[in-house]
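S.K.: Just passing along the structure, written as structure tokens.
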Amino acid sequence: MAINMRRGTVGAEPKKRGLLTRFQTKIHKKSRSLLCDTCRSIDINSTLPLNSSHATPPLPSNPASAVRTPKPVVLGSYNDLLSNASCPCCQLFLHLLRQDEASNSATLINNGDIGCATSAKYELQRSKHGFEVKDATGTQGYVLPASQDMPSISSNISSGTPVPALDAACVRGWLSDCETTHVTCGIMDDSLHTNDPVDIILIDVRNNCIVKGNTHQRYLALSYARGGVRCLEASKANFDIIQRDGALDQQKLRLPRVIEDAMKLTLSLGERYLWAHCLSIVQDDDIHKKAQINRMHEIFGQAAMTIVAATRRDPHSRLPGVGAGTRASYLAEKTIKGRTFVARPANLRALLEHGSYGDEAWAYQERILSRRCLILTQHQAYFHCQTATQTEAADCDSEDILLALDMPSNPLAMVQTERSLDGMSQPDTFSKEAMSLYSSLVQSSTRRHLSHPTDRLAAFAGISTILKSCYGSPSIAGLPEAILDAALLWVASTPQAPTHRIRSLPSWSWASHHGSVDYLSGPLASTLHKNSPPIRSEIGAIVLRTQKHLHPVSRVYSDLIQKLRMDSATTSDVGEIPTPFISRDVETLCFSARVANVDRFHIRAFEWDAGRVLVYSKGSTSTASPHPTCCGKIWPDNAAAFAEARLVLEPGVRRELVLLSSVRVPDMAEHLGLGKHFAVGAFAAGVLMNVLLVEWRGDYAERIGVGQVHEGAWEAVEEGQRGIVLV
């Protein structure tokens with residue numbers, strides 16, 4: 001019996017108590033078992049309420065009396081916990097962690113990877129429900145006091161009993177039910193189908209070789225954490241060899257374990273073909289690789305289902321559920337000092353948003369481009385489509401099921417589904433709503449890890465193509481061309497972290513910045529609200545230069561961006577824009593804009609917002625005044641580098657503010673998050689100018705941040721119009 005969640009409802013049978021199920025296990029140790037020194041120091045019973053349950057405890061009536069969250073307790077590495085395996089608490093912690101840690105460490109060391117799995121440090125954090133077991137990637141699970149209404153766990157189950165393999169018949173039922181009865185999924189399938197198939201390479205799981213095929217064939221796809229380790233890959237040298245029947249059998253020692261298990265699973269599901277990155281892309285053929293990466297939206301969108309290895313650290317890990325003993329039971333129970341505690345794994349949201357799989361940018365794109373996913377975790381299997389999320393855990397408490405099925409939202413699929421249901425074939429306008437969608441996708445992608453930082457645009461290429469089909473705007477260096485005025489205003493989420501720009505990518509693109517970027521904490525924070533005024537463009541025509549080719553940028557005006565004011569002196573004729581040849585082979589933006597020298601302002605660090613900088617007007621008050629007049633804010637891309645360069649600039653380097661757009665705000669202090677600590681004087685309300693902070697190096701400029709300056713302060717120091725060549 002599978003649990004099916006449609007639109008927030010759970011279609012479960014009445015709770016069964018005391019049943020012998022493979023999703024629950026009891027660890028048999030008497031309560032007098034000794035705790036290790038670390039767990040004894042936690043005193044697990046002392047601060048938890050006697051009648052604790054899964055419900056959130058009430059907040060204290062007096063907020064001032066609320067107890068601060070205690071510091072986490074360091075549990076050590078997996079091996080440290082394993083050395084205390086006789087401790088009942090450590091047994092619960094070990095239940096939540098990966099069972100293949102020790103084998104992974106040997107694999108990683110043999111492949112030259114520094115960060116072996118067993119060196120990961122785990123912490124125990126007290127939470128409102130009990131305790132969270134965490135590592136650097138996120139929450140791994142919870143240790144909770146058992147509530148009275150939880151189904152009891154049979155005392156006949158031994159902790160050593162292997163958990164059965166994934167039921168292939170159950171998965172086939174989920175997939176068949178979706179393909180034949182889900183109306184929404186059917187409409188989505190029709191909208192994704194194209195008349196022009198993409199040529200792809202597939203693994204033939206019956207003949208154990210690779211074959212040439214296309215996206216009109218029926219196949220499954222595999223999404224897994226790359227991990228930066230070496231394994232068997234398709235290459236120019238072995239391509240002909242691995243096309244022979246049985247070739248992959250002969251290469252079994254080098255074949256990634258996750259691929260081997262995925263092939264077995266594909267065969268057991270009655271399918272024949274599987275797409276997997278390492279064997280379906282010729283890794284040393286740059287032309288083939290680029291062509292396949294640019295069609296990821298079709299490769300994963302056309303797959304009948306994507307198998308997601310959600311907890312694996314690298315390709316050499318086993319695929320959970322493929323074979324007995326490859327995953328742990330869903331729950332584990334232990335009586336400690338006369339009280340029962342239960343270990344429960346993290347829910348889907350935690351696993352897919354964090355962890356080894358969730359922290360990879362490639363894996364994120366693959367998952368959100370897929371129309372159906374079979375998500376395999378260490379404890380459970382889940383089937384997710386546009387209509388429902390289903391799981392094996394039929395005999396668990398209904399609240400546990402709801403927690404487990406907490407699937408992270410997929411805004412891209414939501415937009416595609418809505419368009420499909422409405423029968424929309426023509427692109428929409430790139431509005432505020434579309435910009436908010438783009439912003440969330442950029443933030444979700446850039447906060448994730450890539451083994452090769454130069455792949456940032458490639459790992460977003462499929463998403464960009466879907467956005468183009470929905471809103472009609474191609475992307476240039478990851479930024480939608482139609483809303484370039486707004487898209488240039490991204491900010492670094494952690495500017496205080498030391499980072500270096502990727503020099504092979506344009507500085508004005510978020511893809512050139514290491515680390516997470518977003519739009520909601522910068523100049524566009526209030527603009528993206530539904531009833532807020534749009535920004536008004538302050539620049540005319542923009543030309544994109546790619547090597548020796550010139551391309552006029554086509555922008556669209558909507559509730560997000562208004563057109564350039566007619567009385568502006570800014571050049572709007574493409575023929576008048578300077579487009580000098582730049583030796584650096586990067587995409588270059590050429591346009592005319594009004595500028596101001598940064599030295600015409602006082603720049604001071606903002607203590608209340610780490611990494612940000614406040615701008616003060618020199619003309620309105622003395623620097624010795626105890627209440628200087630604040631007139632704006634700057635978001636540097638790299639706060640440390642910006643602070644150092646403020647003291648000493650390299651010879652021939654100068655800094656300017658380049659005006660891009662403007663926006664009217666009712667309260668500048670509130671808009672910029674200044675509070676009441678700063679006097680804004682005449683700059684309290686009015687128009688803010690959205691500016692790029694650039695460094696000029698000879699004939700071209702590089703972006704080093706963005707900012708907002710009050711119109712009155714800007715007009716007092718503006719130096720006129722200049723041709724901008726932004727690389």
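Chains: A, B, ... in order of the structure tokens. Residues: from 1 per chain. Ligands: from 1, in order shown.
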Would you mind listing what lies within 6 Å of stretch 719-724 of chain A as a PDB file with N, CA and C atoms, in the first residue's frame, with only C-alpha atoms counted and same-chain residues fewer than 3 positions away left out?
M.R.:
ATOM      1  N   CYS A 590      28.171  47.271 -24.594  1.00  0.00           N
ATOM      2  CA  CYS A 590      28.562  48.622 -24.985  1.00  0.00           C
ATOM      3  C   CYS A 590      27.324  49.516 -24.980  1.00  0.00           C
ATOM      4  N   PHE A 591      27.385  50.620 -24.262  1.00  0.00           N
ATOM      5  CA  PHE A 591      26.269  51.563 -24.197  1.00  0.00           C
ATOM      6  C   PHE A 591      26.777  52.900 -23.676  1.00  0.00           C
ATOM      7  N   SER A 592      25.942  53.914 -23.754  1.00  0.00           N
ATOM      8  CA  SER A 592      26.271  55.230 -23.217  1.00  0.00           C
ATOM      9  C   SER A 592      25.458  55.465 -21.957  1.00  0.00           C
ATOM     10  N   ALA A 593      26.083  56.045 -20.942  1.00  0.00           N
ATOM     11  CA  ALA A 593      25.388  56.260 -19.670  1.00  0.00           C
ATOM     12  C   ALA A 593      25.994  57.442 -18.932  1.00  0.00           C
ATOM     13  N   ARG A 594      25.251  57.976 -17.999  1.00  0.00           N
ATOM     14  CA  ARG A 594      25.734  59.052 -17.129  1.00  0.00           C
ATOM     15  C   ARG A 594      26.559  58.437 -15.994  1.00  0.00           C
ATOM     16  N   VAL A 595      27.624  59.116 -15.612  1.00  0.00           N
ATOM     17  CA  VAL A 595      28.557  58.556 -14.637  1.00  0.00           C
ATOM     18  C   VAL A 595      28.874  59.582 -13.557  1.00  0.00           C
ATOM     19  N   ALA A 596      29.418  59.074 -12.448  1.00  0.00           N
ATOM     20  CA  ALA A 596      29.908  59.920 -11.357  1.00  0.00           C
ATOM     21  C   ALA A 596      31.099  59.233 -10.722  1.00  0.00           C
TER      22      ALA A 596
END
S.K.: How close does each residue of stretch 312-373 of chain A get to stretch 166-188 of chain A, giving the shortest atom pair and distance in Å to one decimal for every residue with an atom at most 9 Å away, counting only C-alpha atoms, sorted by chain and residue number, as a tab-separated table?
M.R.:
residue	atom	partner	partner_atom	distance
A:Pro320	CA	A:Leu166	CA	8.3
A:Gly321	CA	A:Leu166	CA	4.7
A:Val322	CA	A:Leu166	CA	6.1
A:Gly323	CA	A:Leu166	CA	7.4
A:Ala324	CA	A:Leu166	CA	8.2
A:Arg371	CA	A:Cys185	CA	7.9
A:Arg372	CA	A:Leu175	CA	8.4
S.K.: Export N, CA and C atoms of the chosen residues as a short mmCIF file (atom, residue, chain, number, x, y, z; two decimals), in the first residue's frame?
M.R.:
data_model
loop_
_atom_site.label_atom_id
_atom_site.label_comp_id
_atom_site.auth_asym_id
_atom_site.auth_seq_id
_atom_site.Cartn_x
_atom_site.Cartn_y
_atom_site.Cartn_z
N PRO A 320 20.36 3.32 -3.16
CA PRO A 320 19.54 2.75 -2.07
C PRO A 320 18.32 2.01 -2.60
N GLY A 321 18.09 0.82 -2.05
CA GLY A 321 16.91 0.04 -2.41
C GLY A 321 17.14 -0.98 -3.49
N VAL A 322 18.26 -0.90 -4.19
CA VAL A 322 18.55 -1.88 -5.24
C VAL A 322 19.37 -3.00 -4.59
N GLY A 323 18.68 -4.01 -4.11
CA GLY A 323 19.30 -5.10 -3.37
C GLY A 323 19.06 -4.95 -1.88
N ALA A 324 18.89 -6.07 -1.20
CA ALA A 324 18.64 -6.06 0.24
C ALA A 324 19.86 -5.52 0.98
N ARG A 371 10.07 15.60 -15.47
CA ARG A 371 8.61 15.62 -15.27
C ARG A 371 8.17 14.61 -14.21
N ARG A 372 8.94 13.53 -14.03
CA ARG A 372 8.66 12.55 -12.97
C ARG A 372 9.98 12.13 -12.35
#
S.K.: Quick one: residues within 9 Å of A:Ser436, only C-alpha atoms, excluding same-chain residues fewer than 6 positions away - as JSON, numbers by chain?
M.R.: {"A": [519, 520, 528]}
S.K.: Using only C-alpha atoms, find each residue of stretch 337-387 of chain A with at least one atom at most 12 Å away from an atom of stretch 416-430 of chain A; report its shortest atom-to-atom pair and that distance in Å (one decimal), sort the rows by chain and rising residue number, and return the result as CSV.
M.R.:
residue,atom,partner,partner_atom,distance
A:Ile368,CA,A:Gln416,CA,11.2
A:Leu369,CA,A:Gln416,CA,10.4
A:Ser370,CA,A:Gln416,CA,11.7
A:Arg371,CA,A:Thr417,CA,10.0
A:Cys385,CA,A:Thr417,CA,11.1
A:Gln386,CA,A:Thr417,CA,7.7
A:Thr387,CA,A:Thr417,CA,10.1
S.K.: Produce a file of the selected residues containing C-alpha atoms, as a compact mmCIF listing (two decimals), in the first residue's frame.
M.R.:
# COMPACT_ATOMS: atom_id res chain seq x y z
CA ILE A 368 13.68 20.50 -11.78
CA LEU A 369 13.81 19.74 -15.51
CA SER A 370 12.35 16.25 -14.95
CA ARG A 371 8.61 15.62 -15.27
CA CYS A 385 5.12 14.00 -10.48
CA GLN A 386 3.09 17.15 -11.18
CA THR A 387 0.00 15.60 -9.59
S.K.: Assign secondary structure with DSSP using the backbone only, and return the residues of stretch 282-378 of chain A in alpha helix (DSSP H) as a PyMOL selection string.
M.R.: chain A and resi 286-293+296-302+348-353+355-358+361-369
S.K.: Mind pulling up the distance from atom CA of A:Ile375 to atom CA of A:Val163?
M.R.: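 Pair atom CA of A:Val163 / atom CA of A:Ile375 returns 17.3 Å.
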S.K.: As a list of chain:residue names, please: the residues near A:Ala304 (cut-off 7 Å, only C-alpha atoms, same-chain neighbours under 5 positions excluded).
M.R.: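 My list of contacting residues is A:Arg218, A:Tyr219, A:Leu220.
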S.K.: So that I have them on file, write out the residues from the current selection with C-alpha atoms, as an mmCIF file, in the first residue's frame.
M.R.:
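Just written: selection.cif:
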data_model
loop_
_atom_site.group_PDB
_atom_site.id
_atom_site.type_symbol
_atom_site.label_atom_id
_atom_site.label_comp_id
_atom_site.auth_asym_id
_atom_site.auth_seq_id
_atom_site.Cartn_x
_atom_site.Cartn_y
_atom_site.Cartn_z
ATOM 1 C CA ARG A 218 11.340 5.536 -24.199
ATOM 2 C CA TYR A 219 14.134 5.773 -21.630
ATOM 3 C CA LEU A 220 14.842 6.595 -17.994
#
S.K.: For a quick check of understanding, using only C-alpha atoms, which of A:Ala221, A:Ala381, A:Val308, A:Cys373 has the smallest distance to A:Trp275?
M.R.: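 When distances to A:Trp275 are compared using only C-alpha atoms, the smallest one comes from A:Ala221.
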S.K.: Of the candidates A:Asp37, A:Glu233, A:Asp599, A:Glu271, which one gets nearest to A:Arg254 if we count only C-alpha atoms?
M.R.: A:Glu233
S.K.: Could you pull the residues within 10 Å of A:Leu488, counting only C-alpha atoms, minus those fewer than 6 positions along the same chain, as a PyMOL selection string?
M.R.: chain A and resi 479-480+508-510+519+660+691-692+703+706
S.K.: Take the residues from that selection and put them in a file with N, CA, C and O atoms, as a tab-separated table (two decimals), in the first residue's frame.
M.R.:
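Saved file out-v7.tsv follows:
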chain	number	residue	atom	x	y	z
A	479	LEU	N	21.76	36.08	-18.27
A	479	LEU	CA	20.82	37.16	-17.97
A	479	LEU	C	19.79	37.28	-19.09
A	479	LEU	O	20.17	37.36	-20.27
A	480	PRO	N	18.48	37.31	-18.78
A	480	PRO	CA	17.47	37.45	-19.84
A	480	PRO	C	17.63	38.77	-20.57
A	480	PRO	O	17.68	39.85	-19.96
A	508	TRP	N	29.84	41.39	-15.56
A	508	TRP	CA	28.46	41.85	-15.33
A	508	TRP	C	27.47	40.69	-15.18
A	508	TRP	O	26.31	40.90	-14.85
A	509	SER	N	27.94	39.46	-15.40
A	509	SER	CA	27.09	38.28	-15.23
A	509	SER	C	27.32	37.66	-13.86
A	509	SER	O	28.47	37.55	-13.40
A	510	TRP	N	26.25	37.21	-13.21
A	510	TRP	CA	26.39	36.52	-11.93
A	510	TRP	C	27.21	35.25	-12.04
A	510	TRP	O	27.76	34.76	-11.07
A	519	TYR	N	18.63	38.60	-6.02
A	519	TYR	CA	18.11	39.91	-6.40
A	519	TYR	C	17.27	40.54	-5.29
A	519	TYR	O	17.04	41.75	-5.30
A	660	LEU	N	22.17	53.14	-14.35
A	660	LEU	CA	21.40	52.21	-15.17
A	660	LEU	C	19.92	52.54	-15.21
A	660	LEU	O	19.28	52.52	-16.26
A	691	VAL	N	22.73	52.06	-9.73
A	691	VAL	CA	24.02	52.27	-10.39
A	691	VAL	C	24.86	51.00	-10.34
A	691	VAL	O	24.71	50.15	-9.46
A	692	LEU	N	25.75	50.89	-11.33
A	692	LEU	CA	26.80	49.88	-11.32
A	692	LEU	C	28.07	50.53	-10.80
A	692	LEU	O	28.42	51.66	-11.19
A	703	ARG	N	32.68	45.31	-13.72
A	703	ARG	CA	31.76	45.48	-12.60
A	703	ARG	C	32.41	44.98	-11.30
A	703	ARG	O	33.01	43.91	-11.27
A	706	VAL	N	27.04	46.87	-7.16
A	706	VAL	CA	25.89	47.70	-7.55
A	706	VAL	C	25.54	48.60	-6.36
A	706	VAL	O	26.00	48.38	-5.24
S.K.: Going by DSSP on the backbone, which residues of stretch 131-218 of chain A come out as strand (DSSP E or B)? List them as number ranges by chain.
M.R.: A: 131-135, 138-145, 199-204, 209-214
S.K.: Mind writing the picked residues with N, CA, C and O atoms as a CSV table (one decimal), in the first residue's frame?
M.R.:
chain,number,residue,atom,x,y,z
A,131,PHE,N,16.0,16.7,18.9
A,131,PHE,CA,17.3,17.0,18.5
A,131,PHE,C,17.5,16.8,17.0
A,131,PHE,O,16.8,15.9,16.4
A,132,GLU,N,18.3,17.6,16.4
A,132,GLU,CA,18.6,17.5,15.0
A,132,GLU,C,20.1,17.0,14.9
A,132,GLU,O,21.0,17.5,15.6
A,133,VAL,N,20.3,16.0,14.0
A,133,VAL,CA,21.7,15.5,13.7
A,133,VAL,C,22.1,16.2,12.4
A,133,VAL,O,21.4,16.0,11.4
A,134,LYS,N,23.2,17.0,12.4
A,134,LYS,CA,23.5,17.8,11.3
A,134,LYS,C,25.0,17.5,10.9
A,134,LYS,O,25.8,17.1,11.8
A,135,ASP,N,25.3,17.8,9.7
A,135,ASP,CA,26.7,18.0,9.2
A,135,ASP,C,26.8,19.2,8.4
A,135,ASP,O,25.9,20.1,8.4
A,138,GLY,N,23.8,20.0,6.0
A,138,GLY,CA,22.5,20.2,6.5
A,138,GLY,C,22.0,19.1,7.4
A,138,GLY,O,22.8,18.3,8.0
A,139,THR,N,20.7,19.1,7.7
A,139,THR,CA,20.1,18.2,8.7
A,139,THR,C,20.0,16.8,8.1
A,139,THR,O,19.5,16.6,7.0
A,140,GLN,N,20.5,15.8,8.8
A,140,GLN,CA,20.5,14.4,8.4
A,140,GLN,C,19.3,13.7,9.0
A,140,GLN,O,18.8,12.7,8.4
A,141,GLY,N,18.8,14.1,10.1
A,141,GLY,CA,17.6,13.5,10.7
A,141,GLY,C,17.4,14.0,12.1
A,141,GLY,O,18.0,15.0,12.6
A,142,TYR,N,16.4,13.4,12.8
A,142,TYR,CA,15.9,13.9,14.1
A,142,TYR,C,15.9,12.7,15.1
A,142,TYR,O,15.6,11.6,14.7
A,143,VAL,N,16.2,13.0,16.3
A,143,VAL,CA,16.0,12.1,17.5
A,143,VAL,C,14.9,12.8,18.3
A,143,VAL,O,15.1,13.9,18.9
A,144,LEU,N,13.7,12.1,18.4
A,144,LEU,CA,12.6,12.7,19.1
A,144,LEU,C,12.1,11.9,20.2
A,144,LEU,O,12.1,10.6,20.1
A,145,PRO,N,11.5,12.5,21.3
A,145,PRO,CA,10.8,11.6,22.3
A,145,PRO,C,9.6,11.1,21.6
A,145,PRO,O,8.8,11.8,21.0
A,199,ASP,N,19.3,13.8,-30.7
A,199,ASP,CA,20.2,12.6,-30.8
A,199,ASP,C,20.9,12.5,-29.5
A,199,ASP,O,21.6,13.4,-29.0
A,200,ILE,N,20.8,11.3,-28.8
A,200,ILE,CA,21.4,11.1,-27.5
A,200,ILE,C,22.1,9.7,-27.5
A,200,ILE,O,21.8,8.9,-28.4
A,201,ILE,N,22.9,9.5,-26.5
A,201,ILE,CA,23.5,8.1,-26.3
A,201,ILE,C,22.9,7.5,-25.1
A,201,ILE,O,22.7,8.2,-24.0
A,202,LEU,N,22.4,6.3,-25.2
A,202,LEU,CA,21.7,5.6,-24.1
A,202,LEU,C,22.5,4.3,-23.7
A,202,LEU,O,23.2,3.7,-24.5
A,203,ILE,N,22.3,3.9,-22.5
A,203,ILE,CA,22.8,2.6,-22.1
A,203,ILE,C,21.7,1.5,-22.3
A,203,ILE,O,20.5,1.7,-21.8
A,204,ASP,N,22.0,0.5,-23.1
A,204,ASP,CA,21.1,-0.6,-23.3
A,204,ASP,C,21.3,-1.6,-22.1
A,204,ASP,O,22.3,-2.3,-22.1
A,209,CYS,N,25.6,-2.4,-23.0
A,209,CYS,CA,26.4,-1.5,-23.8
A,209,CYS,C,25.8,-0.2,-24.1
A,209,CYS,O,24.6,0.0,-23.6
A,210,ILE,N,26.4,0.7,-24.7
A,210,ILE,CA,25.8,2.0,-25.1
A,210,ILE,C,25.4,1.9,-26.5
A,210,ILE,O,26.0,1.2,-27.4
A,211,VAL,N,24.3,2.6,-26.8
A,211,VAL,CA,23.7,2.7,-28.2
A,211,VAL,C,23.4,4.1,-28.5
A,211,VAL,O,23.1,4.9,-27.6
A,212,LYS,N,23.3,4.4,-29.8
A,212,LYS,CA,22.8,5.7,-30.2
A,212,LYS,C,21.3,5.7,-30.3
A,212,LYS,O,20.7,4.7,-30.8
A,213,GLY,N,20.7,6.8,-29.9
A,213,GLY,CA,19.2,6.8,-29.9
A,213,GLY,C,18.8,8.3,-30.0
A,213,GLY,O,19.6,9.2,-30.4
A,214,ASN,N,17.5,8.6,-29.6
A,214,ASN,CA,17.0,9.9,-29.6
A,214,ASN,C,15.9,10.1,-28.5
A,214,ASN,O,15.5,9.1,-27.9
S.K.: I'd like the neighbourhood of A:Glu702 as an NGL selection string, where a residue qualifies if any of its atoms comes within 10 Å (using only C-alpha atoms), though same-chain residues fewer than 3 positions away should be ignored.
M.R.: :A and (506-508 or 655 or 692-697 or 705 or 725-727)
S.K.: Mind writing the picked residues with N, CA, C and O atoms as a PDB file, in the first residue's frame?
M.R.:
ATOM      1  N   PRO A 506      32.029  37.226 -18.322  1.00  0.00           N
ATOM      2  CA  PRO A 506      31.903  38.680 -18.158  1.00  0.00           C
ATOM      3  C   PRO A 506      31.596  39.076 -16.716  1.00  0.00           C
ATOM      4  O   PRO A 506      30.815  38.416 -16.029  1.00  0.00           O
ATOM      5  N   SER A 507      32.200  40.148 -16.257  1.00  0.00           N
ATOM      6  CA  SER A 507      32.038  40.587 -14.870  1.00  0.00           C
ATOM      7  C   SER A 507      30.605  40.978 -14.551  1.00  0.00           C
ATOM      8  O   SER A 507      30.185  40.913 -13.394  1.00  0.00           O
ATOM      9  N   TRP A 508      29.835  41.393 -15.559  1.00  0.00           N
ATOM     10  CA  TRP A 508      28.461  41.848 -15.326  1.00  0.00           C
ATOM     11  C   TRP A 508      27.474  40.689 -15.180  1.00  0.00           C
ATOM     12  O   TRP A 508      26.311  40.898 -14.847  1.00  0.00           O
ATOM     13  N   ARG A 655      37.618  54.371 -10.369  1.00  0.00           N
ATOM     14  CA  ARG A 655      36.301  53.813 -10.071  1.00  0.00           C
ATOM     15  C   ARG A 655      35.213  54.837 -10.331  1.00  0.00           C
ATOM     16  O   ARG A 655      35.362  56.014  -9.992  1.00  0.00           O
ATOM     17  N   LEU A 692      25.751  50.890 -11.332  1.00  0.00           N
ATOM     18  CA  LEU A 692      26.802  49.884 -11.324  1.00  0.00           C
ATOM     19  C   LEU A 692      28.073  50.532 -10.795  1.00  0.00           C
ATOM     20  O   LEU A 692      28.423  51.656 -11.188  1.00  0.00           O
ATOM     21  N   LEU A 693      28.773  49.847  -9.902  1.00  0.00           N
ATOM     22  CA  LEU A 693      30.090  50.281  -9.459  1.00  0.00           C
ATOM     23  C   LEU A 693      31.108  49.566 -10.334  1.00  0.00           C
ATOM     24  O   LEU A 693      31.145  48.330 -10.372  1.00  0.00           O
ATOM     25  N   VAL A 694      31.916  50.344 -11.063  1.00  0.00           N
ATOM     26  CA  VAL A 694      32.851  49.742 -12.022  1.00  0.00           C
ATOM     27  C   VAL A 694      34.266  50.222 -11.755  1.00  0.00           C
ATOM     28  O   VAL A 694      34.492  51.283 -11.165  1.00  0.00           O
ATOM     29  N   GLU A 695      35.214  49.420 -12.221  1.00  0.00           N
ATOM     30  CA  GLU A 695      36.627  49.780 -12.231  1.00  0.00           C
ATOM     31  C   GLU A 695      37.073  49.891 -13.676  1.00  0.00           C
ATOM     32  O   GLU A 695      36.904  48.940 -14.453  1.00  0.00           O
ATOM     33  N   TRP A 696      37.611  51.036 -14.028  1.00  0.00           N
ATOM     34  CA  TRP A 696      38.123  51.223 -15.381  1.00  0.00           C
ATOM     35  C   TRP A 696      39.563  50.744 -15.452  1.00  0.00           C
ATOM     36  O   TRP A 696      40.404  51.122 -14.638  1.00  0.00           O
ATOM     37  N   ARG A 697      39.838  49.898 -16.434  1.00  0.00           N
ATOM     38  CA  ARG A 697      41.187  49.412 -16.700  1.00  0.00           C
ATOM     39  C   ARG A 697      41.485  49.667 -18.172  1.00  0.00           C
ATOM     40  O   ARG A 697      41.167  48.848 -19.032  1.00  0.00           O
ATOM     41  N   GLY A 705      30.376  45.844  -8.274  1.00  0.00           N
ATOM     42  CA  GLY A 705      29.258  45.946  -7.339  1.00  0.00           C
ATOM     43  C   GLY A 705      28.107  46.724  -7.941  1.00  0.00           C
ATOM     44  O   GLY A 705      28.162  47.179  -9.091  1.00  0.00           O
ATOM     45  N   VAL A 725      32.174  50.501 -21.933  1.00  0.00           N
ATOM     46  CA  VAL A 725      32.538  49.205 -22.512  1.00  0.00           C
ATOM     47  C   VAL A 725      32.740  48.260 -21.329  1.00  0.00           C
ATOM     48  O   VAL A 725      33.767  48.294 -20.652  1.00  0.00           O
ATOM     49  N   LEU A 726      31.727  47.431 -21.060  1.00  0.00           N
ATOM     50  CA  LEU A 726      31.689  46.619 -19.846  1.00  0.00           C
ATOM     51  C   LEU A 726      32.027  45.169 -20.183  1.00  0.00           C
ATOM     52  O   LEU A 726      31.313  44.531 -20.954  1.00  0.00           O
ATOM     53  N   VAL A 727      33.120  44.681 -19.624  1.00  0.00           N
ATOM     54  CA  VAL A 727      33.541  43.305 -19.895  1.00  0.00           C
ATOM     55  C   VAL A 727      33.299  42.423 -18.678  1.00  0.00           C
ATOM     56  O   VAL A 727      33.100  42.899 -17.572  1.00  0.00           O
TER      57      VAL A 727
END
S.K.: Out of A:Arg295, A:His288, A:Lys236, A:Arg230, which residue has the shortest atom-to-atom distance to A:Thr215 when counting only C-alpha atoms?
M.R.: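 The shortest atom-to-atom distance to A:Thr215 comes from A:Arg295.
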S.K.: Go through A:Leu412, A:Ala511, A:Ala716, A:Ala262 and flag the residue nearest A:Lys468, using only C-alpha atoms for the distances.
M.R.: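 Closest to A:Lys468 of all the choices is A:Leu412.
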